[in-house]
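Okay, structure first, notes after.
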Amino acid sequence: MNCKEILKYKLEKKTAVAGVVGLGYVGLPFAVEKAKVGFKVIAIEQNPVKAEKINRGQNYIADVSDDELKDVVRRGLLTSVSGFDRVPEMDVIVICVPTPLSINLTPDLQYVESVTRSIMPKLRPGQLITLESTTYPGTTEEIILPILKQSGLEIERDFFLAHSPERVDPGNLRYSTKNTNKLLGAVGPASLEVAIAFYQQTIENLVPLSCPRAAELAKVFENTFRAVNIALVNEMTLLCDRMGLNVWEILDAAFTKPFGIMPFYPGPGVGGHCIPIDPHYLEWKAREYNFHTHFIALAGEINRKMPEYVKDKAIRILNHSGIAASQARIMVLGVAYKKDVEDERESPAIEIIRLLKKEGSDLIYHDPHVNRLANCEIDMNCSPLNALTLSSCDLVIIATDHSNIDYQWLVDNSLRIFDTRNAACNVARGRNKITLL
Ligand code: SAJ
């Protein structure tokens with residue numbers, strides 16, 4: 001049997017060893033799904049704290065079941081290491097590392113490249129490598145493949161390579177790693193065969209495509225679609241503000257149309273590790289083809305402007321009560337990048353805090369999911385959410401609409417509220433205290 005046949009046999013018999021590089025919101029759920037169906041999984045996590053937690057069966061990703069993690073670790077089906085020494089034991093290696101942007105919005109593939117360079121010297125015949133990180137079309141074949149070829153092994157004969165973009169929606173209780181349709185683009189027919197044999201063990205519906213670039217572009221399109229539509233409703237917000245109209249009423253009305261429209265809602269900005277980032281990967285790559293992606297550029301500009309708009313409107317609200325921003329105490333309620341998650345990466349709330357601090361306001365925050373905010377410019381602990389604290393605040397800005405807040409109680413106990421998420425839409429009493437985005 002050749003390498004492809006041996007690998008397919010191991011995958012069908014579940015004797016193959018799966019490797020996962022990066023135990024974040026993508027890697028850990030994937031590793032647990034693989035272990036649950038009986039694969040031995042070796043995870044490479046460069047953060048020793050995370051690696052140690054996993055080996056103790058301690059979960060740190062909200063979308064992963066604590067009990068399922070404990071069980072697969074106890075059964076020896078999932079272990080975490082911090083180096084690449086055990087790469088030769090792995091039959092499949094799934095790369096799930098971050099693909100951030102540099103400070104000037106260009107792709108930063110340092111993690112993908114460094115992981116690939118660490119794998120290469122230990123690559124052996126019979127291994128499949130798949131990249132799950134979201135990236136620009138061309139990464140798999142232009143960055144990863146040339147590095148792996150330095151091993152002297154032959155692609156499609158000795159080793160196999162594919163791109164299968166993650167589609168994790170943190171906090172989504174309906175769609176998980178298992179039941180979310182999964183795209184698959186491989187560098188050749190043999191790689192596609194083994195990639196299908198690998199993924200079909202844990203993913204209910206695979207969508208094979210013609211090549212890795214098709215999968216890479218389809219994924220970035222998905223997130224660009226969201227960024228552009230979010231920017232559209234954010235722009236409507238700015239217009240409605242000028243026109244003295246309630247954008248939430250307008251959008252709710254428009255979304256009563258039963259066809260040909262899809263609900264998106266304005267907000268204080270766009271956060272997370274995907275929507276504010278992924279479209280700029282495509283924008284950057286398109287320049288290579290002398291192509292300017294107008295929608296991506298405009299959407300990014302509008303979405304990035306929202307925190308400044310929130311800051312300006314907050315100052316307006318305070319002025320209407322004769323309060324100078326420099327004399328005001330403001331609570332930002334909710335700092336995670338979206339509702340019911342604990343992740344504050346790229347959260348617009350952080351930018352709003354930074355901007356209002358620059359105006360001299362005294363800022364505090366409360367978020368039931370985020371105990372502390374610490375980055376280069378901000379170091380704040382979560383303040384308690386009680387009547388005493390609220391009575392000391394001239395303004396409460398609802399920046400994230402977490403479900404576990406009693407918004408009627410909040411309005412009853414606040415002086416004035418700037419609701420950037422329409423989170424208090426069901427509040428009847430005290431609506432005169434509320435200003436909407
Ligand atoms: N947002 C709005 N208005 C909206 C929707 C979202 O302001 O109508 C904001 C959110 O508050 C958040 C940001 O945009 O700050 C991103 O929200 P999101 O839910 O679109 O993004 P993520 O990063 O949590 O998850 C997305 C996935 N979301 C959905 O499909 C619903 C999906 O695009 C990807 O699978 C995932 O990013 C990823 O990993 O790429």
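We label chains A, B, ... in the order they appear in the structure tokens, count residues from 1 in each chain, and number ligands from 1 in the order shown.
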
Please return as a PDB file with C-alpha atoms, in the first residue's frame the residues found within 7 Å of ligand 1, counting only C-alpha atoms and all ligand atoms.
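Generated output (result_0.pdb):
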ATOM      1  CA  THR A 134      -8.708  32.048   8.198  1.00  0.00           C
ATOM      2  CA  GLU A 166     -12.950  27.007  10.641  1.00  0.00           C
ATOM      3  CA  ARG A 167     -16.512  28.279  10.983  1.00  0.00           C
ATOM      4  CA  VAL A 168     -16.794  28.650  14.727  1.00  0.00           C
ATOM      5  CA  ASP A 169     -19.365  31.122  15.989  1.00  0.00           C
ATOM      6  CA  PRO A 170     -18.500  31.637  19.662  1.00  0.00           C
ATOM      7  CA  GLU A 222     -18.263  34.893   4.471  1.00  0.00           C
ATOM      8  CA  ASN A 223     -16.746  37.293   6.961  1.00  0.00           C
ATOM      9  CA  ARG A 226     -20.862  40.209   7.530  1.00  0.00           C
ATOM     10  CA  ILE A 230     -22.808  45.468   9.572  1.00  0.00           C
ATOM     11  CA  PRO A 263     -31.131  41.070   9.777  1.00  0.00           C
ATOM     12  CA  PHE A 264     -28.009  42.888  10.864  1.00  0.00           C
ATOM     13  CA  TYR A 265     -27.941  45.404  13.685  1.00  0.00           C
ATOM     14  CA  PRO A 266     -25.892  48.519  14.392  1.00  0.00           C
ATOM     15  CA  GLY A 267     -23.495  48.581  17.272  1.00  0.00           C
ATOM     16  CA  PRO A 268     -20.677  50.551  18.890  1.00  0.00           C
ATOM     17  CA  GLY A 269     -18.182  48.969  16.484  1.00  0.00           C
ATOM     18  CA  VAL A 270     -17.092  45.525  15.318  1.00  0.00           C
ATOM     19  CA  GLY A 271     -14.932  43.318  17.511  1.00  0.00           C
ATOM     20  CA  GLY A 272     -13.678  39.760  17.715  1.00  0.00           C
ATOM     21  CA  HIS A 273     -10.884  37.929  15.952  1.00  0.00           C
ATOM     22  CA  CYS A 274     -12.633  37.602  12.601  1.00  0.00           C
ATOM     23  CA  ILE A 275     -14.926  40.274  11.241  1.00  0.00           C
ATOM     24  CA  TYR A 337     -16.837  41.976  21.794  1.00  0.00           C
ATOM     25  CA  LYS A 338     -20.336  40.530  21.558  1.00  0.00           C
ATOM     26  CA  LYS A 339     -23.118  39.284  23.801  1.00  0.00           C
ATOM     27  CA  SER A 347     -13.837  44.925  21.440  1.00  0.00           C
TER      28      SER A 347
END

Close residues, Gln110 (chain A) itself excluded, 9 Å, only C-alpha atoms, min 4 positions apart in chain, as a list in words: Thr99, Ser114 and Val115 of chain A

Counting only C-alpha atoms, the option among A:Ile378, A:Leu109, A:Val73, A:Leu131 closest to Ile95 (chain A): A:Leu131

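Take the candidates A:Arg124, A:Lys219, A:Arg174, A:Arg287 and check each one against Gln150 (chain A) using only C-alpha atoms; the shortest distance goes to A:Arg124.
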
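Comparing the minimum interatomic distances between Asp343 (chain A) and each of A:Gln327, A:Thr400, A:Ser392, A:Thr293, counting only C-alpha atoms, we find that A:Thr400 sits nearest.
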
Which of region 235-386 of chain A DSSP labels alpha helix (DSSP H), written as an MDAnalysis selection string: chainID A and resid 235:243 247:254 278:287 294:320 348:358

Counting only C-alpha atoms, the residue of A:Ala190, A:Ala374, A:Leu333, A:Val21 that sits nearest Arg345 (chain A):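 For Arg345 (chain A), the nearest of the candidates is A:Ala374.
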
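Counting only C-alpha atoms, the residue from A:Leu77, A:Leu69, A:Ala16, A:Ala197 that sits nearest to Ala35 (chain A) is A:Leu77.
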
Who sits within 10 Å of region 348-355 of chain A, only C-alpha atoms, same chain under 3 positions skipped, as a ChimeraX atom specification: /A:267-272,303-312,314,330-338,344-345,358-365,373-375,377-378,397-400

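CA of Gly76 (chain A) to CA of Ser164 (chain A) spans 26.5 Å [interatomic distance, one decimal].
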
Contacts of Ser383 (chain A) at 9 Å (only C-alpha atoms; same-chain gap of 2+ positions) as a PyMOL selection string: chain A and resi 331+364-367+371+380-381+385+389

Gap from CA of Phe159 (chain A) to CA of Lys285 (chain A) - Å, one decimal: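 Answer for the CA of Phe159 (chain A) to CA of Lys285 (chain A) separation: 27.2 Å.
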
Contact residues around Ala62 (chain A) with only C-alpha atoms at 9 Å, ignoring same-chain residues under 3 positions, as a PyMOL selection string: chain A and resi 25+59+65-66+170-171+341-342

Secondary structure check, strand (DSSP E) residues of region 176-295 of chain A, as a list in words: Lys182, Leu183, Leu184, Gly185, Ala186, Leu206, Val207 and Pro208 of chain A

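Using only C-alpha atoms for every distance, the candidate list A:Val64, A:Leu78, A:Ala51, A:Glu45 yields A:Glu45 as the residue closest to Tyr111 (chain A).
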